[in-house]
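Dumped model.cif below, it's mmCIF, C-alpha atoms:
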data_input
#
loop_
_atom_site.label_atom_id
_atom_site.label_comp_id
_atom_site.auth_asym_id
_atom_site.auth_seq_id
_atom_site.Cartn_x
_atom_site.Cartn_y
_atom_site.Cartn_z
CA MET A 666 99.23 111.83 124.08
CA PHE A 667 101.20 114.96 123.23
CA VAL A 668 104.29 113.58 124.96
CA LEU A 669 103.93 110.26 123.14
CA TYR A 670 103.69 111.99 119.76
CA PHE A 671 106.68 114.18 120.56
CA VAL A 672 108.82 111.24 121.74
CA LEU A 673 107.92 109.27 118.61
CA TRP A 674 108.89 112.26 116.46
CA VAL A 675 112.29 112.50 118.12
CA VAL A 676 112.88 108.73 117.97
CA PHE A 677 111.96 108.54 114.29
CA ASN A 678 114.30 111.44 113.50
CA GLY A 679 117.16 109.69 115.28
CA GLN A 680 118.70 112.81 116.77
CA ILE A 681 117.82 115.78 118.95
CA THR A 682 118.35 119.30 117.63
CA TRP A 683 116.51 122.54 118.28
CA GLU A 684 114.88 122.39 114.86
CA ILE A 685 113.66 118.83 115.38
CA CYS A 686 112.29 119.74 118.82
CA ILE A 687 110.47 122.84 117.52
CA PHE A 688 108.94 120.95 114.61
CA GLY A 689 108.18 118.06 116.97
CA VAL A 690 106.23 120.30 119.33
CA ILE A 691 104.23 121.76 116.43
CA ILE A 692 103.52 118.37 114.84
CA ALA A 693 102.66 116.74 118.19
CA ALA A 694 100.24 119.58 118.95
CA LEU A 695 98.57 119.24 115.52
CA LEU A 696 98.28 115.48 115.95
CA CYS A 697 96.73 115.96 119.40
CA VAL A 698 94.16 118.37 118.00
CA PHE A 699 93.39 115.96 115.15
CA THR A 700 93.11 113.01 117.55
CA CYS A 701 90.77 114.89 119.90
CA ARG A 702 88.59 116.17 117.09
CA PHE A 703 88.23 113.16 114.80
CA MET A 704 89.08 110.05 116.84
CA ASP A 705 86.80 110.34 119.90
CA TYR A 706 89.73 111.12 122.16
CA SER A 707 89.79 113.60 124.99
CA LEU A 708 92.15 114.71 127.70
CA GLN A 709 89.52 113.57 130.20
CA LYS A 710 89.89 110.00 128.90
CA GLU A 711 93.66 110.24 129.13
CA LEU A 712 93.44 111.44 132.73
CA TRP A 713 91.13 108.51 133.50
CA ILE A 714 93.79 106.16 132.12
CA TYR A 715 96.50 107.76 134.25
CA ARG A 716 94.32 107.50 137.37
CA ARG A 717 93.64 103.80 136.67
CA LEU A 718 97.21 102.97 135.58
CA GLY A 719 97.84 100.75 138.61
CA LYS A 720 94.72 98.69 137.90
CA LEU A 721 95.60 98.50 134.19
CA LEU A 722 99.08 97.21 135.01
CA GLN A 723 97.58 94.70 137.44
CA TYR A 724 95.18 93.57 134.68
CA VAL A 725 98.07 93.07 132.24
CA PHE A 726 100.11 91.17 134.85
CA VAL A 727 97.18 88.87 135.67
CA LEU A 728 96.50 88.38 131.94
CA VAL A 729 100.08 87.30 131.23
CA LYS A 730 100.09 85.01 134.27
CA GLU A 731 96.78 83.40 133.27
CA VAL A 732 97.86 82.97 129.64
CA VAL A 733 101.01 81.13 130.75
CA ARG A 734 99.04 79.03 133.23
CA ALA A 735 96.35 78.22 130.63
CA ASN A 736 99.04 77.28 128.09
CA LEU A 737 100.44 74.72 130.50
CA GLY A 738 96.95 73.48 131.35
CA THR A 739 95.96 73.14 127.71
CA VAL A 740 99.13 71.26 126.84
CA HIS A 741 98.54 68.96 129.81
CA LEU A 742 94.91 68.44 128.75
CA ILE A 743 95.89 67.56 125.19
CA LEU A 744 98.82 65.31 126.03
CA THR A 745 97.34 63.39 128.98
CA GLN A 746 93.68 63.15 128.09
CA LYS A 747 92.74 59.46 127.96
CA GLU A 748 89.19 60.20 126.85
CA GLU A 749 88.01 62.39 124.05
CA ILE A 750 88.04 66.13 124.71
CA GLN A 751 84.52 67.57 125.07
CA PRO A 752 84.29 71.08 123.61
CA VAL A 753 81.47 73.18 124.99
CA LEU A 754 79.81 76.56 124.36
CA VAL A 755 79.19 78.57 127.51
CA SER A 756 77.00 81.65 127.82
CA PHE A 757 77.10 84.10 130.69
CA HIS A 758 76.16 87.69 131.43
CA SER A 759 78.47 90.36 132.79
CA ASP A 760 77.38 93.58 134.49
CA LEU A 761 80.09 95.59 132.75
CA LYS A 762 78.60 98.81 131.37
CA SER A 763 81.38 100.22 129.21
CA PRO A 764 82.06 98.80 125.74
CA LEU A 765 85.77 99.23 126.52
CA THR A 766 85.71 96.93 129.55
CA GLN A 767 83.36 94.47 127.84
CA THR A 768 85.88 94.23 125.02
CA LEU A 769 88.79 93.91 127.49
CA LEU A 770 87.05 90.93 129.07
CA ALA A 771 86.24 89.33 125.70
CA ASN A 772 89.84 89.75 124.54
CA ALA A 773 91.23 88.35 127.79
CA ILE A 774 89.06 85.26 127.35
CA THR A 775 90.16 84.86 123.73
CA LEU A 776 93.86 85.36 124.54
CA THR A 777 93.68 82.61 127.15
CA PRO A 778 94.46 79.29 125.44
CA GLY A 779 91.55 76.87 125.24
CA THR A 780 88.85 79.55 125.14
CA ILE A 781 87.51 81.80 122.40
CA THR A 782 84.88 84.50 122.73
CA VAL A 783 82.42 83.70 119.96
CA ALA A 784 79.90 86.48 120.58
CA LEU A 785 79.44 89.55 122.76
CA GLU A 786 76.14 91.38 122.73
CA ASN A 787 74.85 93.72 125.46
CA GLY A 788 77.01 92.11 128.12
CA ASP A 789 76.05 88.56 127.10
CA TYR A 790 79.10 86.47 126.24
CA THR A 791 79.22 83.22 124.33
CA VAL A 792 82.53 81.42 124.78
CA HIS A 793 83.80 78.24 123.13
CA CYS A 794 85.88 76.17 125.53
CA LEU A 795 88.18 73.37 124.44
CA ASP A 796 86.92 71.23 127.32
CA GLU A 797 84.16 71.40 129.94
CA SER A 798 86.77 71.87 132.67
CA LEU A 799 87.80 75.21 131.14
CA ALA A 800 84.21 76.50 131.31
CA GLU A 801 83.91 76.39 135.09
CA GLY A 802 83.73 79.78 136.79
CA MET A 803 83.84 81.76 133.56
CA ASP A 804 81.41 84.41 134.84
CA SER A 805 83.28 84.92 138.12
CA SER A 806 86.84 84.84 136.82
CA ILE A 807 89.59 87.19 137.95
CA PHE A 808 89.30 88.95 134.58
CA THR A 809 85.65 89.79 135.30
CA LYS A 810 86.50 91.21 138.72
CA LEU A 811 89.40 93.31 137.42
CA ALA A 812 87.35 94.57 134.46
CA GLN A 813 84.61 95.68 136.89
CA GLU A 814 87.20 97.69 138.81
CA LEU A 815 88.30 99.32 135.54
CA ASP A 816 84.77 100.00 134.23
CA PRO A 817 84.47 103.81 134.06
CA LYS A 818 80.67 103.68 134.15
CA GLN A 819 80.68 101.68 137.38
CA VAL A 820 83.66 103.41 139.01
CA SER A 821 82.60 107.00 138.42
CA GLY A 822 78.88 106.41 138.07
CA GLY A 823 78.67 108.10 134.69
CA GLY A 824 81.36 107.27 132.24
CA HIS A 825 83.71 109.25 130.09
CA GLY A 826 82.63 109.80 126.54
CA GLN A 827 80.47 106.71 126.16
#
Write-out of the structure in structure tokens:
Amino acid sequence: MFVLYFVLWVVFNGQITWEICIFGVIIAALLCVFTCRFMDYSLQKELWIYRRLGKLLQYVFVLVKEVVRANLGTVHLILTQKEEIQPVLVSFHSDLKSPLTQTLLANAITLTPGTITVALENGDYTVHCLDESLAEGMDSSIFTKLAQELDPKQVSGGGHGQ
């Protein structure tokens, strides 16, 4: 986080001088202290993110791929549907323990065209699907599997800060 704050300081200043670098180091350090103290952030959480960076990048790649695929599928469904579209509410339970990964899964579902996460409570998801065909396999989707691999409470057995 320190490096991010420092880089942002330099970018926003638009030039690199010794004075800007010295002030940048001081301001980045103060922002790090503030973030750790008041925003439930810790270096342990940052290290967890760095260790899981490969899985996070894989999750983002799969998310983008599925959003594009779902866009095409939704357009096809809307343009070629001879019958009336049958919206449906689907409920399922996920074994994700961390609120972070539960939210990642809910957001991935919502970002995918044709589906919206309506409710999330204690691992129970309620999802509105544009059509019944979009509801199939919701609880065993690739997003669920990847989120389980990212779940700090399942991976490490304890969790970081939750």
Box for segment 717-720 of chain A - axis-aligned, 4 Å on each of the six sides, all listed atoms - centre and size in Å to one decimal, as AutoDock Vina command-line options.
--center_x 95.7 --center_y 101.2 --center_z 137.1 --size_x 12.2 --size_y 13.1 --size_z 11.0
**Asked** Mind pulling up the distance from atom CA of Cys794 of chain A to atom CA of Val755 of chain A?
**Response**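 Separation between atom CA of Val755 of chain A and atom CA of Cys794 of chain A: 7.4 Å.
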**Message:** Would you compute the distance between atom CA of Val753 of chain A and atom CA of Thr782 of chain A? Give it in Å to one decimal.
**Reply:** 12.0 Å
**Asked** Taking into account all atoms listed in the file, which residue in the set A:Ala773, A:Glu684, A:Leu708, A:Ile691 is nearest to Val729 of chain A?
**Response** A:Ala773
**Request:** Report as a list of chain:residue names the full result of the PyMOL selection byres ((chain A and resi 672) around 12) when it is applied to this structure.
**Result:**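 In the shown coordinates, the PyMOL selection byres ((chain A and resi 672) around 12) covers A:Met666, A:Phe667, A:Val668, A:Leu669, A:Tyr670, A:Phe671, A:Leu673, A:Trp674, A:Val675, A:Val676, A:Phe677, A:Asn678, A:Gly679, A:Gln680, A:Ile681, A:Ile685, A:Cys686, A:Gly689, A:Val690, A:Ile692, A:Ala693.
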**Item:** Coordinates-based distance that separates atom CA of Phe757 of chain A from atom CA of Pro778 of chain A (Å, one decimal)
**Value:**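 Between atom CA of Pro778 of chain A and atom CA of Phe757 of chain A the gap is 18.8 Å.
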